[in-house]
$ cat input-v1.cif   # mmCIF, C-alpha atoms
data_model
#
loop_
_atom_site.label_atom_id
_atom_site.label_comp_id
_atom_site.auth_asym_id
_atom_site.auth_seq_id
_atom_site.Cartn_x
_atom_site.Cartn_y
_atom_site.Cartn_z
CA MET A 1 245.48 146.67 20.45
CA LYS A 2 242.02 146.49 18.94
CA LEU A 3 241.01 143.32 17.10
CA ASN A 4 240.86 145.18 13.79
CA ASP A 5 244.49 146.24 14.27
CA ALA A 6 245.53 142.65 14.98
CA PHE A 7 243.93 141.39 11.78
CA TYR A 8 245.42 144.25 9.82
CA LEU A 9 248.89 143.14 10.90
CA LEU A 10 248.06 139.55 9.99
CA LYS A 11 247.03 140.69 6.52
CA GLU A 12 250.33 142.53 6.12
CA GLN A 13 252.21 139.41 7.22
CA PHE A 14 250.28 137.41 4.63
CA HIS A 15 251.04 139.83 1.81
CA GLU A 16 254.72 139.85 2.77
CA HIS A 17 254.74 136.02 2.89
CA LYS A 18 255.60 136.07 6.60
CA LEU A 19 252.38 134.65 8.02
CA GLY A 20 252.88 132.33 11.00
CA HIS A 21 251.14 129.01 11.57
CA ALA A 22 249.29 129.53 14.87
CA PHE A 23 247.69 132.52 16.58
CA LEU A 24 246.21 133.02 20.03
CA LEU A 25 243.56 135.74 20.23
CA GLU A 26 242.29 137.00 23.58
CA THR A 27 238.97 138.82 23.43
CA ASN A 28 235.84 139.39 25.49
CA ASN A 29 233.65 138.63 22.46
CA GLN A 30 234.57 135.28 20.96
CA GLU A 31 231.78 135.20 18.38
CA GLU A 32 232.79 138.61 17.04
CA CYS A 33 236.39 137.42 16.95
CA LEU A 34 235.32 134.24 15.13
CA ASN A 35 233.62 136.35 12.46
CA LYS A 36 236.77 138.43 12.02
CA VAL A 37 238.86 135.26 11.70
CA LEU A 38 236.46 133.98 9.04
CA LYS A 39 236.77 137.24 7.10
CA PHE A 40 240.56 137.01 7.32
CA ILE A 41 240.41 133.40 6.10
CA GLN A 42 238.26 134.55 3.19
CA GLU A 43 240.83 137.16 2.25
CA ILE A 44 243.81 134.78 2.20
CA ASN A 45 241.89 132.09 0.28
CA CYS A 46 239.74 134.17 -2.09
CA GLU A 47 239.89 133.02 -5.70
CA ASN A 48 239.73 136.66 -6.82
CA THR A 49 241.04 139.91 -5.39
CA TYR A 50 239.15 139.88 -2.10
CA LYS A 51 236.65 142.61 -1.38
CA GLU A 52 234.60 143.04 1.78
CA GLY A 53 231.58 140.75 1.64
CA CYS A 54 232.86 138.87 -1.41
CA ASN A 55 229.93 137.30 -3.28
CA GLU A 56 231.84 136.32 -6.36
CA CYS A 57 233.69 133.12 -5.49
CA ASN A 58 232.67 129.74 -4.13
CA ARG A 59 235.41 129.64 -1.49
CA CYS A 60 234.22 132.80 0.23
CA HIS A 61 230.64 131.47 0.23
CA LEU A 62 231.77 128.19 1.79
CA ILE A 63 233.89 129.94 4.44
CA GLU A 64 231.11 132.34 5.40
CA SER A 65 228.67 129.43 5.79
CA LYS A 66 231.33 127.40 7.66
CA GLN A 67 231.04 124.60 5.09
CA LEU A 68 234.52 124.70 3.55
CA PRO A 69 235.94 121.14 3.85
CA ASN A 70 239.42 122.50 4.70
CA LEU A 71 238.12 124.59 7.61
CA VAL A 72 237.53 122.93 10.99
CA ILE A 73 235.92 124.82 13.88
CA ILE A 74 236.19 123.19 17.30
CA ARG A 75 234.11 124.11 20.33
CA PRO A 76 234.16 122.45 23.78
CA ASP A 77 232.29 119.17 23.99
CA GLY A 78 230.67 119.77 27.37
CA SER A 79 233.18 121.39 29.74
CA PHE A 80 236.30 120.50 27.76
CA ILE A 81 237.78 120.17 24.30
CA LYS A 82 238.49 116.47 24.14
CA LYS A 83 241.42 114.52 22.75
CA GLU A 84 239.15 112.83 20.22
CA GLN A 85 238.29 116.21 18.70
CA ILE A 86 241.98 117.00 18.15
CA LEU A 87 242.69 113.55 16.74
CA SER A 88 239.82 114.05 14.29
CA LEU A 89 241.32 117.40 13.31
CA LYS A 90 244.72 115.86 12.66
CA LYS A 91 243.17 113.08 10.59
CA SER A 92 241.27 115.54 8.41
CA PHE A 93 244.52 117.43 7.66
CA GLN A 94 246.55 114.42 6.54
CA THR A 95 246.18 115.52 2.93
CA LYS A 96 247.05 118.80 1.25
CA PRO A 97 244.22 121.33 0.90
CA ILE A 98 242.12 120.84 -2.23
CA PHE A 99 239.33 123.38 -1.91
CA SER A 100 241.43 126.27 -0.57
CA VAL A 101 244.99 127.56 -0.22
CA TYR A 102 245.31 126.36 3.39
CA ASN A 103 244.02 123.75 5.78
CA MET A 104 242.67 125.86 8.66
CA TYR A 105 241.33 125.27 12.14
CA ILE A 106 239.73 127.52 14.73
CA ILE A 107 239.54 126.47 18.38
CA LEU A 108 237.04 128.44 20.44
CA ASN A 109 237.42 128.60 24.23
CA ALA A 110 241.00 127.45 23.90
CA GLU A 111 241.31 127.49 27.69
CA CYS A 112 239.06 124.39 27.66
CA LEU A 113 241.79 122.19 26.21
CA ASN A 114 242.31 119.57 28.93
CA ALA A 115 245.64 117.89 29.68
CA SER A 116 245.08 115.12 27.14
CA SER A 117 243.78 117.25 24.29
CA ALA A 118 246.37 119.98 24.92
CA ASN A 119 249.16 117.40 24.74
CA THR A 120 247.77 116.06 21.47
CA MET A 121 247.49 119.62 20.15
CA LEU A 122 251.04 120.35 21.26
CA LYS A 123 252.41 117.56 19.10
CA PHE A 124 250.48 119.13 16.23
CA LEU A 125 252.13 122.52 16.86
CA GLU A 126 255.72 121.47 17.53
CA GLU A 127 256.34 120.43 13.94
CA PRO A 128 253.94 122.61 11.93
CA GLU A 129 253.30 121.41 8.42
CA GLU A 130 253.29 123.80 5.51
CA GLY A 131 249.83 124.94 4.50
CA ILE A 132 248.18 124.61 7.92
CA ILE A 133 247.05 127.67 9.90
CA GLY A 134 245.38 127.62 13.31
CA PHE A 135 243.56 130.16 15.47
CA PHE A 136 243.02 129.72 19.21
CA ILE A 137 240.38 132.07 20.66
CA THR A 138 240.03 132.63 24.39
CA ASN A 139 238.62 135.15 26.84
CA ASN A 140 241.56 134.59 29.20
CA LYS A 141 245.00 133.79 27.86
CA GLU A 142 246.24 133.05 31.38
CA ASN A 143 244.12 129.88 31.42
CA VAL A 144 245.63 128.56 28.19
CA ILE A 145 248.39 126.02 28.80
CA ASP A 146 251.80 127.73 28.53
CA THR A 147 253.22 125.21 26.09
CA ILE A 148 250.39 125.98 23.67
CA LYS A 149 250.64 129.72 24.25
CA SER A 150 254.37 129.80 23.64
CA ARG A 151 253.93 128.31 20.16
CA CYS A 152 251.41 130.89 19.04
CA GLN A 153 251.67 134.50 18.01
CA LEU A 154 249.64 136.29 20.67
CA PHE A 155 247.21 139.14 20.12
CA VAL A 156 245.43 140.64 23.13
CA SER A 157 242.43 142.80 22.35
CA THR A 158 242.45 145.99 24.37
CA ASP A 159 238.71 146.21 23.66
CA SER A 160 238.35 143.92 26.67
CA VAL A 161 240.98 145.54 28.91
CA SER A 162 239.44 147.64 31.64
CA LYS A 163 242.72 149.05 33.00
CA SER A 164 244.15 152.02 31.21
CA LEU A 165 247.17 154.22 31.65
CA ASP A 166 246.73 157.54 33.37
CA GLU A 167 247.48 160.70 31.40
CA ASN A 168 250.98 161.04 32.89
CA CYS A 169 251.93 157.58 31.66
CA LYS A 170 250.45 158.29 28.22
CA ASP A 171 252.57 161.43 28.03
CA LEU A 172 255.56 159.31 28.99
CA ALA A 173 254.83 156.93 26.09
CA ILE A 174 254.73 159.90 23.70
CA SER A 175 258.06 161.14 25.06
CA PHE A 176 259.48 157.63 24.73
CA VAL A 177 258.56 157.46 21.04
CA PHE A 178 260.00 160.94 20.51
CA GLU A 179 263.30 159.96 22.16
CA VAL A 180 263.56 156.72 20.19
CA GLU A 181 262.89 158.49 16.90
CA THR A 182 265.04 161.61 17.42
CA ALA A 183 267.76 160.81 19.95
CA HIS A 184 268.41 157.11 19.49
CA ASP A 185 271.77 157.23 21.30
CA ASN A 186 270.13 158.71 24.40
CA ALA A 187 266.98 156.59 24.32
CA LEU A 188 268.35 153.87 26.62
CA PHE A 189 269.39 156.52 29.13
CA PHE A 190 265.90 158.05 28.94
CA CYS A 191 264.32 154.64 29.57
CA LYS A 192 266.54 153.89 32.54
CA ASN A 193 265.91 157.23 34.24
CA SER A 194 262.41 158.24 33.18
CA VAL A 195 260.40 155.21 32.01
CA ILE A 196 261.44 152.11 33.95
CA PRO A 197 261.03 153.71 37.43
CA VAL A 198 257.35 154.39 36.57
CA LEU A 199 256.60 150.92 35.20
CA ASP A 200 256.91 148.89 38.37
CA ASP A 201 255.08 145.71 37.27
CA LYS A 202 254.58 143.62 34.14
CA GLN A 203 251.00 144.77 33.52
CA LYS A 204 252.16 148.38 33.35
CA TYR A 205 254.80 147.37 30.81
CA ILE A 206 252.09 145.68 28.72
CA SER A 207 249.79 148.71 28.92
CA PHE A 208 252.69 151.03 28.10
CA PHE A 209 253.65 149.17 24.94
CA GLN A 210 250.01 148.86 23.90
CA TYR A 211 249.83 152.64 23.98
CA VAL A 212 253.11 152.93 22.05
CA PHE A 213 251.50 150.64 19.45
CA ASP A 214 248.48 152.96 19.28
CA ILE A 215 250.76 155.96 18.69
CA TYR A 216 252.36 154.34 15.64
CA LYS A 217 249.00 153.04 14.43
CA ASP A 218 247.48 156.54 14.60
CA ILE A 219 250.35 157.96 12.54
CA TYR A 220 250.02 155.08 10.06
CA ASP A 221 246.28 155.70 9.72
CA SER A 222 246.91 159.40 9.15
CA LYS A 223 249.28 158.60 6.28
CA VAL A 224 246.92 156.08 4.69
CA GLU A 225 243.93 158.44 4.95
CA ASN A 226 246.03 161.50 4.05
CA LYS A 227 245.17 163.29 7.28
CA ARG A 228 247.32 165.05 9.85
CA ASN A 229 245.50 163.91 12.97
CA VAL A 230 248.77 163.20 14.76
CA ILE A 231 250.18 164.25 18.12
CA GLN A 232 251.89 167.57 17.38
CA LYS A 233 255.18 166.45 18.89
CA LEU A 234 255.37 163.55 16.43
CA THR A 235 254.17 165.10 13.16
CA PHE A 236 257.70 164.82 11.74
CA LEU A 237 257.12 161.06 11.48
CA LEU A 238 254.57 161.63 8.72
CA GLU A 239 257.57 161.91 6.39
CA LYS A 240 258.29 158.19 6.86
CA ASP A 241 256.83 155.59 4.51
CA ILE A 242 254.14 153.06 5.41
CA LYS A 243 256.53 150.11 5.79
CA TYR A 244 258.40 152.09 8.44
CA PHE A 245 255.36 151.98 10.72
CA LEU A 246 254.44 148.40 9.91
CA LYS A 247 257.91 147.29 10.99
CA ARG A 248 257.52 149.07 14.32
CA MET A 249 254.00 147.79 14.90
CA ASN A 250 255.09 144.21 14.25
CA LEU A 251 258.05 144.65 16.61
CA ILE A 252 255.73 145.89 19.36
CA VAL A 253 253.54 142.81 18.90
CA GLU A 254 256.65 140.66 19.38
CA ILE A 255 257.52 142.65 22.51
CA LEU A 256 254.00 142.20 23.90
CA ASN A 257 254.27 138.45 23.27
CA ALA A 258 257.61 138.31 25.07
CA LEU A 259 256.14 140.15 28.06
CA GLU A 260 253.73 137.28 28.63
CA TYR A 261 256.65 135.19 29.84
CA ASN A 262 259.33 135.60 32.46
CA VAL A 263 261.66 137.91 30.62
CA ASN A 264 264.00 140.59 31.93
CA LEU A 265 262.02 143.82 31.68
CA GLN A 266 265.16 145.93 31.13
CA PHE A 267 266.04 143.62 28.24
CA ILE A 268 262.65 144.40 26.67
CA PHE A 269 263.55 148.09 26.31
CA ASP A 270 267.09 147.31 25.18
CA ARG A 271 265.76 145.03 22.46
CA PHE A 272 263.08 147.48 21.35
CA ILE A 273 265.47 150.40 21.01
CA LEU A 274 268.23 148.40 19.33
CA GLU A 275 265.86 146.83 16.78
CA MET A 276 264.27 150.19 16.07
#
$ encode --input "input-v1.cif" --output "structure tokens"
Amino acid sequence: MKLNDAFYLLKEQFHEHKLGHAFLLETNNQEECLNKVLKFIQEINCENTYKEGCNECNRCHLIESKQLPNLVIIRPDGSFIKKEQILSLKKSFQTKPIFSVYNMYIILNAECLNASSANTMLKFLEEPEEGIIGFFITNNKENVIDTIKSRCQLFVSTDSVSKSLDENCKDLAISFVFEVETAHDNALFFCKNSVIPVLDDKQKYISFFQYVFDIYKDIYDSKVENKRNVIQKLTFLLEKDIKYFLKRMNLIVEILNALEYNVNLQFIFDRFILEM
């Protein structure tokens, strides 16, 4: 998914009081991602009703200038992020936030956590305290230690993905959504006979579900903007309400996270169809 889509889902989680405590963001532009994280942090901490480029409250000013006392941004010290940097972070969050709603940290180049600092960070993540939110930003999630990755909600930006599905596979994703939405009882049979034989490795599964996400996101956008720019085969879904699509988009994010680990690929489709 695109970074903007990822942050949109995070905003929805926040408004539904379901926001997690740690997020791993893979992107090919870490500074752009950092700016988007800062805007998201402004929105969830704004003293007023947040508007783009808020100039009305002190918190938003402090966040934009990276001077908010409850916001810690960590970059590698040399080649690595060192244990001392994480210990300093933990020390600064020993008290409840005073200047904002949350204590927040952002770790850039999260793949630079070395064994010592990652272990210290892990202890910080295993028993998350209320009111603390963290963002790990990396250009390669595969280089982030698995024990850190598994404790974060993962968002991979397709802005940086060079591989794309061919048109046949995109058509298959459209047919998959159609089967799930119209013939739920036959959807598992359709997956077994028409989808799974085509997706012969994990990366294809990831790309497939990213496209399924885009299908639901396009329909959602059409509803919000009162347009009908939807694949003709799926226009009937415009009758559904907005929460219907948000539920599916969040489920796909969970599926994409699960695909990062050694899971049974058949189980992925079973879970998706049953939860839909």
$ resolve_selection --input "input-v1.cif" --expression "the PyMOL selection byres ((chain A and resi 34) around 10)" --output "list in words"
Leu25, Asn29, Gln30, Glu31, Glu32, Cys33, Asn35, Lys36, Val37, Leu38, Lys39, Phe40, Ile73, Ile106, Ile107, Leu108, Phe135, Phe136 and Ile137 of chain A
$ resolve_selection --input "input-v1.cif" --expression "the PyMOL selection byres ((chain A and resi 145-148) around 8)" --output "list in words"
Glu111, Ala118, Met121, Leu122, Leu125, Glu142, Asn143, Val144, Lys149, Ser150, Arg151 and Cys152 of chain A
$ write_last_selection --input "input-v1.cif" --atoms "C-alpha atoms" --output "short mmCIF file (atom, residue, chain, number, x, y, z; two decimals), in the coordinates of the input"
data_model
loop_
_atom_site.label_atom_id
_atom_site.label_comp_id
_atom_site.auth_asym_id
_atom_site.auth_seq_id
_atom_site.Cartn_x
_atom_site.Cartn_y
_atom_site.Cartn_z
CA GLU A 111 241.31 127.49 27.69
CA ALA A 118 246.37 119.98 24.92
CA MET A 121 247.49 119.62 20.15
CA LEU A 122 251.04 120.35 21.26
CA LEU A 125 252.13 122.52 16.86
CA GLU A 142 246.24 133.05 31.38
CA ASN A 143 244.12 129.88 31.42
CA VAL A 144 245.63 128.56 28.19
CA LYS A 149 250.64 129.72 24.25
CA SER A 150 254.37 129.80 23.64
CA ARG A 151 253.93 128.31 20.16
CA CYS A 152 251.41 130.89 19.04
#
$ residues_around --input "input-v1.cif" --residues "region 229-234 of chain A" --least-positions-apart "2" --cutoff "12 Å" --atoms "all atoms listed in the file" --output "PyMOL selection string"
chain A and resi 170-171+173-182+214-227+236-240
$ closest_atom_pairs --input "input-v1.cif" --of "region 117-203 of chain A" --to "region 54-70 of chain A" --cutoff "12 Å" --atoms "only C-alpha atoms" --output "Markdown table"
| residue | atom | partner | partner_atom | distance |
| --- | --- | --- | --- | --- |
| A:Gly131 | CA | A:Asn70 | CA | 10.7 |
| A:Ile132 | CA | A:Asn70 | CA | 9.6 |
| A:Ile133 | CA | A:Asn70 | CA | 10.6 |
| A:Gly134 | CA | A:Asn70 | CA | 11.7 |
$ atom_distance --input "input-v1.cif" --atom1 "CA of Ser207 (chain A)" --atom2 "CA of Leu259 (chain A)"
10.7 Å
